[in-house]
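What follows is structure14.csv (CSV, C-alpha atoms).
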chain,number,residue,atom,x,y,z
A,16,MET,CA,101.6,-134.9,58.6
A,17,ARG,CA,99.2,-134.2,61.5
A,18,LEU,CA,96.4,-131.7,60.7
A,19,ASP,CA,97.3,-129.5,63.6
A,20,LYS,CA,101.0,-129.3,62.5
A,21,ALA,CA,100.1,-128.7,58.9
A,22,VAL,CA,97.7,-125.8,59.7
A,23,SER,CA,100.1,-124.2,62.2
A,24,GLN,CA,102.8,-124.1,59.6
A,25,VAL,CA,100.8,-121.9,57.2
A,26,THR,CA,99.2,-119.7,59.8
A,27,ASP,CA,100.1,-117.8,62.9
A,28,LEU,CA,98.1,-120.2,65.0
A,29,SER,CA,99.9,-122.4,67.6
A,30,ARG,CA,99.2,-126.1,67.7
A,31,SER,CA,96.9,-125.6,70.7
A,32,ASP,CA,95.0,-122.9,68.8
A,33,VAL,CA,94.6,-125.2,65.8
A,34,LYS,CA,93.3,-128.0,68.1
A,35,ARG,CA,90.6,-125.7,69.5
A,36,ALA,CA,89.7,-124.5,66.0
A,37,ALA,CA,89.3,-128.1,64.8
A,38,LYS,CA,87.1,-129.1,67.7
A,39,ALA,CA,85.0,-126.0,67.0
A,40,GLY,CA,84.4,-127.3,63.4
A,41,ARG,CA,86.3,-124.4,61.8
A,42,ILE,CA,88.7,-126.6,59.8
A,43,SER,CA,87.9,-128.7,56.7
A,44,VAL,CA,90.0,-131.0,54.6
A,45,ASN,CA,88.9,-131.4,51.0
A,46,GLY,CA,85.5,-129.9,51.8
A,47,ASP,CA,84.8,-132.1,54.8
A,48,ILE,CA,84.9,-130.7,58.4
A,49,VAL,CA,87.6,-132.5,60.5
A,50,THR,CA,87.4,-132.1,64.2
A,51,ASP,CA,90.3,-134.5,65.1
A,52,PRO,CA,93.5,-132.4,65.1
A,53,SER,CA,95.6,-135.6,64.9
A,54,SER,CA,94.1,-136.6,61.6
A,55,LYS,CA,96.7,-137.2,58.9
A,56,VAL,CA,96.9,-135.0,55.8
A,57,VAL,CA,99.0,-135.0,52.7
A,58,GLU,CA,100.4,-132.2,50.4
A,59,THR,CA,97.6,-132.6,47.9
A,60,ASP,CA,94.8,-132.1,50.5
A,61,THR,CA,93.0,-128.7,50.4
A,62,LEU,CA,92.9,-127.3,53.9
A,63,CYS,CA,90.5,-124.5,54.9
A,64,LEU,CA,90.0,-122.4,58.0
A,65,ASP,CA,86.6,-120.8,58.3
A,66,GLY,CA,86.1,-121.6,54.7
A,67,GLU,CA,89.3,-119.9,53.5
A,68,PRO,CA,91.9,-122.0,51.8
A,69,LEU,CA,95.2,-122.3,53.6
A,70,LEU,CA,98.2,-122.0,51.2
A,71,GLU,CA,101.9,-122.2,51.9
A,72,PRO,CA,103.1,-118.6,51.3
A,73,GLY,CA,105.5,-118.2,48.4
A,74,PRO,CA,108.7,-116.2,48.7
A,75,ARG,CA,108.0,-112.9,50.4
A,76,TYR,CA,110.0,-109.7,50.1
A,77,LEU,CA,109.2,-106.8,52.3
A,78,MET,CA,110.5,-103.2,52.7
A,79,LEU,CA,110.2,-101.8,56.2
A,80,HIS,CA,110.9,-98.3,57.5
A,81,LYS,CA,112.6,-99.2,60.7
A,82,PRO,CA,112.1,-96.8,63.6
A,83,ARG,CA,114.6,-96.0,66.4
A,84,GLY,CA,114.5,-98.3,69.4
A,85,CYS,CA,113.4,-101.4,67.5
A,86,VAL,CA,115.8,-104.4,67.3
A,87,SER,CA,116.7,-106.1,64.1
A,88,ALA,CA,116.0,-109.5,65.4
A,89,THR,CA,113.1,-112.0,65.6
A,90,LYS,CA,113.1,-112.2,69.4
A,91,ASP,CA,114.4,-110.0,72.1
A,92,SER,CA,113.5,-110.0,75.8
A,93,GLU,CA,114.1,-106.3,76.4
A,94,HIS,CA,113.1,-104.4,73.2
A,95,PRO,CA,110.4,-104.6,70.5
A,96,THR,CA,111.6,-106.3,67.4
A,97,VAL,CA,111.0,-105.5,63.7
A,98,LEU,CA,108.8,-108.6,63.5
A,99,ASP,CA,106.5,-107.0,66.0
A,100,LEU,CA,105.7,-104.4,63.3
A,101,ILE,CA,104.9,-107.0,60.6
A,102,ASP,CA,101.3,-108.2,60.3
A,103,GLU,CA,101.7,-111.2,58.0
A,104,PRO,CA,100.8,-114.9,58.3
A,105,ASN,CA,103.7,-117.2,59.3
A,106,LYS,CA,105.9,-114.1,59.9
A,107,HIS,CA,108.3,-116.1,62.1
A,108,LYS,CA,109.7,-117.6,58.9
A,109,LEU,CA,110.9,-114.2,57.7
A,110,HIS,CA,114.4,-113.1,58.3
A,111,ILE,CA,116.3,-109.8,58.0
A,112,ALA,CA,118.6,-109.2,55.0
A,113,GLY,CA,121.1,-106.7,56.4
A,114,ARG,CA,120.5,-105.7,60.0
A,115,LEU,CA,120.4,-102.2,61.5
A,116,ASP,CA,121.5,-101.0,65.0
A,117,ILE,CA,118.7,-100.4,67.5
A,118,ASP,CA,119.2,-96.6,67.2
A,119,THR,CA,119.5,-96.6,63.4
A,120,THR,CA,116.5,-95.9,61.2
A,121,GLY,CA,115.6,-96.5,57.6
A,122,LEU,CA,115.4,-99.2,55.0
A,123,LEU,CA,115.2,-102.8,56.2
A,124,LEU,CA,114.5,-105.8,54.0
A,125,LEU,CA,112.8,-108.9,55.2
A,126,THR,CA,112.3,-112.1,53.3
A,127,ASP,CA,112.0,-115.9,53.5
A,128,ASP,CA,114.2,-116.4,50.4
A,129,GLY,CA,117.6,-117.4,51.7
A,130,GLN,CA,119.4,-117.2,48.4
A,131,TRP,CA,118.0,-113.7,47.7
A,132,SER,CA,119.0,-112.4,51.2
A,133,HIS,CA,122.5,-113.8,50.7
A,134,LYS,CA,122.9,-111.8,47.5
A,135,VAL,CA,121.9,-108.7,49.5
A,136,THR,CA,124.4,-109.2,52.3
A,137,SER,CA,127.4,-110.9,50.5
A,138,PRO,CA,130.1,-108.4,49.5
A,139,ARG,CA,130.7,-110.5,46.4
A,140,HIS,CA,127.4,-109.2,44.9
A,141,HIS,CA,128.4,-105.6,45.4
A,142,CYS,CA,125.0,-104.5,46.9
A,143,ASP,CA,126.1,-101.0,48.0
A,144,LYS,CA,124.3,-99.4,51.0
A,145,THR,CA,123.8,-95.6,51.3
A,146,TYR,CA,123.3,-93.9,54.7
A,147,TYR,CA,122.5,-90.4,55.8
A,148,ALA,CA,124.5,-89.4,58.9
A,149,HIS,CA,124.2,-86.4,61.3
A,150,LEU,CA,127.5,-85.9,63.0
A,151,ALA,CA,128.5,-84.4,66.3
A,152,GLU,CA,131.3,-82.3,64.8
A,153,ARG,CA,132.0,-80.5,61.5
A,154,ILE,CA,133.4,-82.8,58.9
A,155,ASP,CA,136.6,-81.7,57.0
A,156,GLU,CA,136.8,-82.0,53.2
A,157,SER,CA,139.9,-84.2,53.6
A,158,ALA,CA,137.5,-87.0,54.9
A,159,VAL,CA,136.2,-87.5,51.4
A,160,GLU,CA,139.6,-88.8,50.2
A,161,LYS,CA,140.2,-90.8,53.4
A,162,PHE,CA,136.9,-92.6,52.8
A,163,ALA,CA,137.8,-93.2,49.2
A,164,LYS,CA,141.1,-94.8,50.2
A,165,GLY,CA,139.6,-96.9,53.1
A,166,ILE,CA,139.6,-96.3,56.8
A,167,TRP,CA,141.6,-98.2,59.4
A,168,LEU,CA,139.1,-99.3,62.1
A,169,GLU,CA,140.1,-100.1,65.6
A,170,ASN,CA,141.0,-103.8,66.1
A,171,GLU,CA,140.8,-104.5,62.3
A,172,LYS,CA,143.6,-106.0,60.2
A,173,LYS,CA,142.8,-104.2,57.0
A,174,ARG,CA,141.3,-101.0,55.8
A,175,THR,CA,137.6,-100.7,54.9
A,176,LYS,CA,136.9,-101.0,51.2
A,177,PRO,CA,136.7,-97.7,49.3
A,178,ALA,CA,133.6,-95.8,50.3
A,179,THR,CA,131.9,-92.7,48.9
A,180,LEU,CA,131.4,-89.7,51.2
A,181,ASP,CA,129.3,-86.7,50.1
A,182,ILE,CA,129.3,-83.7,52.5
A,183,LEU,CA,125.8,-82.2,52.5
A,184,PHE,CA,126.3,-79.6,55.2
A,185,ALA,CA,128.9,-78.9,57.9
A,186,ASN,CA,128.0,-81.9,60.0
A,187,GLU,CA,125.6,-83.8,57.7
A,188,VAL,CA,126.8,-86.4,55.2
A,189,ARG,CA,125.8,-89.2,52.9
A,190,VAL,CA,128.0,-92.2,52.8
A,191,THR,CA,127.9,-95.3,50.6
A,192,ILE,CA,129.7,-98.5,51.6
A,193,SER,CA,130.0,-101.9,50.0
A,194,GLU,CA,130.7,-103.9,53.2
A,195,GLY,CA,128.8,-104.7,56.4
A,196,ARG,CA,131.3,-104.7,59.2
A,197,TYR,CA,130.1,-104.4,62.8
A,198,HIS,CA,128.9,-100.8,63.3
A,199,GLN,CA,130.9,-99.9,60.3
A,200,VAL,CA,129.7,-96.4,59.5
A,201,LYS,CA,129.8,-95.2,63.1
A,202,ARG,CA,133.3,-96.7,63.5
A,203,MET,CA,134.6,-95.0,60.3
A,204,PHE,CA,133.7,-91.6,61.6
A,205,ALA,CA,135.0,-92.5,65.1
A,206,ALA,CA,138.3,-93.3,63.5
A,207,LEU,CA,138.4,-89.7,62.2
A,208,GLY,CA,137.6,-88.3,65.7
A,209,ASN,CA,133.9,-87.7,65.0
A,210,ARG,CA,130.7,-89.2,66.3
A,211,VAL,CA,127.5,-90.2,64.6
A,212,LEU,CA,124.4,-88.7,66.3
A,213,GLN,CA,121.8,-90.0,63.8
A,214,LEU,CA,122.1,-92.7,61.2
A,215,HIS,CA,119.5,-93.5,58.6
A,216,ARG,CA,119.7,-96.1,55.7
A,217,GLU,CA,118.3,-94.8,52.5
A,218,ARG,CA,119.2,-97.4,49.9
A,219,ILE,CA,120.4,-101.0,49.5
A,220,GLY,CA,121.6,-101.7,45.9
A,221,ASP,CA,118.9,-100.3,43.6
A,222,ILE,CA,116.2,-100.5,46.3
A,223,VAL,CA,115.4,-97.1,47.8
A,224,LEU,CA,113.3,-96.5,50.9
A,225,ASP,CA,109.8,-95.6,49.8
A,226,GLU,CA,109.2,-92.0,50.9
A,227,THR,CA,105.5,-92.7,51.5
A,228,LEU,CA,106.3,-95.2,54.3
A,229,GLN,CA,106.1,-93.8,57.8
A,230,GLU,CA,108.4,-95.2,60.5
A,231,GLY,CA,107.1,-98.7,61.4
A,232,GLU,CA,105.3,-99.2,58.1
A,233,TYR,CA,106.1,-101.7,55.4
A,234,ARG,CA,105.1,-102.9,52.0
A,235,PRO,CA,106.0,-105.7,49.6
A,236,LEU,CA,108.8,-105.1,47.2
A,237,THR,CA,107.8,-104.6,43.5
A,238,PRO,CA,108.9,-107.2,41.0
A,239,GLU,CA,111.5,-104.7,39.7
A,240,GLU,CA,112.9,-104.2,43.2
A,241,ILE,CA,113.2,-107.9,43.8
A,242,THR,CA,115.0,-108.7,40.5
A,243,SER,CA,117.3,-105.7,40.9
A,244,VAL,CA,119.3,-107.9,43.4
A,245,LYS,CA,121.4,-109.8,40.8
Rewrite the coordinates I just gave you, this time as structure tokens.
Amino acid sequence: MRLDKAVSQVTDLSRSDVKRAAKAGRISVNGDIVTDPSSKVVETDTLCLDGEPLLEPGPRYLMLHKPRGCVSATKDSEHPTVLDLIDEPNKHKLHIAGRLDIDTTGLLLLTDDGQWSHKVTSPRHHCDKTYYAHLAERIDESAVEKFAKGIWLENEKKRTKPATLDILFANEVRVTISEGRYHQVKRMFAALGNRVLQLHRERIGDIVLDETLQEGEYRPLTPEEITSVK
């Protein structure tokens, strides 16, 4: 593999950035300065930038407190994305395990481990998700049983899977679902003639949003949080 390609794959530097760094004498291969960005390297070579070894990052698992107005995407021409909040090398390799709407806040998981994220999002793995919702209207107690039986959503061929609804106050609830249909929580309340004004995800499986994280902040998951996704 070419040196410039190898270095760009394990850093946030573009190929042109790497070429400039090489010509400036900032890159070494096995202890020797290499100024030719087209030089060939192999997996066993030790690459350094400014004297620091460059290593392919292992699987990464991050918890982000997503703010309102930020898109759950890697690129967007109109809005900031959640990747704009991440300061990690090679962050373009991260993907989102369970997206949130632009106006929904709370727990978002990012990883570069495809099998792990599939377990988070696949209904077969029963990774329940809990949300706090502030509603436009008072919620009737009868909604608890309706959620437990499943809700008919507009343009859907079958009910939602049973969900748990806890009424906290007249128009504040906590709801736990085991699916991830399009705008599911908002559509469930809309089917009952209500409207969600504020939606915040608190939990995915056994992973709970860290209360110390301010909106826009993130941290690595603990080993226990990672392995909790069976």
Need to verify the contact set: stretch 127-142 of chain A, 6 Å, only C-alpha atoms, exclusion of same-chain residues closer than 3 positions in sequence. Can you return it as a PDB file with C-alpha atoms, in the frame of the given file?
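The resulting selection.pdb:
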ATOM      1  CA  PRO A  74     108.700-116.200  48.700  1.00  0.00           C
ATOM      2  CA  ARG A  75     108.000-112.900  50.400  1.00  0.00           C
ATOM      3  CA  LEU A 109     110.900-114.200  57.700  1.00  0.00           C
ATOM      4  CA  ALA A 112     118.600-109.200  55.000  1.00  0.00           C
ATOM      5  CA  GLY A 113     121.100-106.700  56.400  1.00  0.00           C
ATOM      6  CA  GLU A 194     130.700-103.900  53.200  1.00  0.00           C
ATOM      7  CA  GLY A 220     121.600-101.700  45.900  1.00  0.00           C
TER       8      GLY A 220
END
Checklist entry - Counting all atoms listed in the file, what is within 10 Å of A:Phe204, bar same-chain residues fewer than 4 positions away, as a list in words? => result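 Counting only the stated atoms, we get Ala148, Leu150, Ile154, Ala158, Phe162, Ile166, Leu168, Gln199, Val200, Gly208, Asn209, Arg210 and Val211 of chain A.
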Output C-alpha atoms for every residue in that selection, as an mmCIF file, keeping the file's coordinate frame.
data_model
loop_
_atom_site.group_PDB
_atom_site.id
_atom_site.type_symbol
_atom_site.label_atom_id
_atom_site.label_comp_id
_atom_site.auth_asym_id
_atom_site.auth_seq_id
_atom_site.Cartn_x
_atom_site.Cartn_y
_atom_site.Cartn_z
ATOM 1 C CA ALA A 148 124.500 -89.400 58.900
ATOM 2 C CA LEU A 150 127.500 -85.900 63.000
ATOM 3 C CA ILE A 154 133.400 -82.800 58.900
ATOM 4 C CA ALA A 158 137.500 -87.000 54.900
ATOM 5 C CA PHE A 162 136.900 -92.600 52.800
ATOM 6 C CA ILE A 166 139.600 -96.300 56.800
ATOM 7 C CA LEU A 168 139.100 -99.300 62.100
ATOM 8 C CA GLN A 199 130.900 -99.900 60.300
ATOM 9 C CA VAL A 200 129.700 -96.400 59.500
ATOM 10 C CA GLY A 208 137.600 -88.300 65.700
ATOM 11 C CA ASN A 209 133.900 -87.700 65.000
ATOM 12 C CA ARG A 210 130.700 -89.200 66.300
ATOM 13 C CA VAL A 211 127.500 -90.200 64.600
#
Next on the checklist: I'd like the neighbourhood of A:Lys106 as a ChimeraX atom specification, where a residue qualifies if any of its atoms comes within 12 Å (using only C-alpha atoms), though same-chain residues fewer than 6 positions away should be ignored.
Outcome noted: /A:23-28,72,74-77,89,97-100,125-127
Item to check | Atomic distance atom CA of A:Ile111 - atom CA of A:Gln213, expressed in Å with one decimal | outcome: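 It comes out at 21.4 Å.
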Checklist entry - Closest to A:Leu18 among A:Val57, A:Pro177, A:Ala39, A:Asp47, using only C-alpha atoms? => result A:Val57
Item to check | Residue neighbourhood A:Phe184, 10 Å, all atoms listed in the file, exclusion window fewer than 5 positions, as JSON, numbers by chain | outcome: {"A": [149, 153, 154, 189]}
Checklist entry - Which residue gives the smallest distance to A:Asp118 among A:Gly73, A:Pro82, A:Pro68, A:Pro104, with all atoms listed in the file counted? => result A:Pro82
If we count only C-alpha atoms and set the cut-off at 10 Å, which residues sit around A:Gln229, ignoring sequence neighbours fewer than 5 positions away in its own chain? Please answer as a JSON list (two decimals) with C-alpha atoms, keeping the file's coordinate frame.
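File result04.json, as written:
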[["chain", "number", "residue", "atom", "x", "y", "z"],
["A", 79, "LEU", "CA", 110.20, -101.80, 56.20],
["A", 80, "HIS", "CA", 110.90, -98.30, 57.50],
["A", 81, "LYS", "CA", 112.60, -99.20, 60.70],
["A", 82, "PRO", "CA", 112.10, -96.80, 63.60],
["A", 121, "GLY", "CA", 115.60, -96.50, 57.60]]
Next on the checklist: Using all atoms listed in the file, can you tell me which of A:Ala206, A:Val159, A:Ile192, A:Leu122 comes closest to A:Glu171?
Outcome noted: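 Nearest to A:Glu171: A:Ala206.
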Checklist entry - Out of A:Thr50, A:Asn170, A:Ser43, A:Ser87, which residue has the shortest atom-to-atom distance to A:Asp65 when counting all atoms listed in the file? => result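 Closest candidate: A:Ser43.
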Checklist entry - Could you state the separation of atom CA of A:Asp225 and atom CA of A:Thr96 in Å, given to one decimal place? => result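 Spanning atom CA of A:Asp225 to atom CA of A:Thr96 is a straight-line distance of 20.7 Å.
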Item to check | Coordinates-based distance that separates atom CA of A:Glu152 from atom CA of A:Lys176 (Å, one decimal) | outcome: 23.8 Å
Could you add the missing atoms to stretch 198-215 of chain A, up to N, CA and C atoms, and return them as a compact mmCIF listing (two decimals), in the frame of the given file?
# COMPACT_ATOMS: atom_id res chain seq x y z
N HIS A 198 128.98 -102.21 63.08
CA HIS A 198 128.90 -100.80 63.30
C HIS A 198 129.80 -99.97 62.39
N GLN A 199 129.88 -100.40 61.14
CA GLN A 199 130.90 -99.90 60.30
C GLN A 199 130.89 -98.36 60.09
N VAL A 200 129.74 -97.80 59.74
CA VAL A 200 129.70 -96.40 59.50
C VAL A 200 130.06 -95.57 60.72
N LYS A 201 129.52 -95.96 61.86
CA LYS A 201 129.80 -95.20 63.10
C LYS A 201 131.33 -95.34 63.42
N ARG A 202 131.93 -96.49 63.19
CA ARG A 202 133.30 -96.70 63.50
C ARG A 202 134.24 -95.94 62.52
N MET A 203 133.79 -95.78 61.28
CA MET A 203 134.60 -95.00 60.30
C MET A 203 134.70 -93.57 60.73
N PHE A 204 133.60 -92.99 61.17
CA PHE A 204 133.70 -91.60 61.60
C PHE A 204 134.40 -91.48 62.96
N ALA A 205 134.24 -92.48 63.81
CA ALA A 205 135.00 -92.50 65.10
C ALA A 205 136.47 -92.49 64.84
N ALA A 206 136.90 -93.21 63.79
CA ALA A 206 138.30 -93.30 63.50
C ALA A 206 138.87 -91.91 63.04
N LEU A 207 137.98 -91.03 62.61
CA LEU A 207 138.40 -89.70 62.20
C LEU A 207 138.14 -88.68 63.35
N GLY A 208 137.79 -89.18 64.54
CA GLY A 208 137.60 -88.30 65.70
C GLY A 208 136.23 -87.67 65.74
N ASN A 209 135.27 -88.23 65.04
CA ASN A 209 133.90 -87.70 65.00
C ASN A 209 132.95 -88.71 65.59
N ARG A 210 131.70 -88.33 65.73
CA ARG A 210 130.70 -89.20 66.30
C ARG A 210 129.38 -89.07 65.57
N VAL A 211 128.74 -90.20 65.28
CA VAL A 211 127.50 -90.20 64.60
C VAL A 211 126.34 -90.01 65.61
N LEU A 212 125.54 -88.97 65.43
CA LEU A 212 124.40 -88.70 66.30
C LEU A 212 123.13 -89.37 65.78
N GLN A 213 123.02 -89.42 64.47
CA GLN A 213 121.80 -90.00 63.80
C GLN A 213 122.25 -90.69 62.56
N LEU A 214 121.74 -91.91 62.36
CA LEU A 214 122.10 -92.70 61.20
C LEU A 214 120.81 -93.25 60.57
N HIS A 215 120.69 -93.10 59.26
CA HIS A 215 119.50 -93.50 58.60
C HIS A 215 119.85 -94.14 57.23
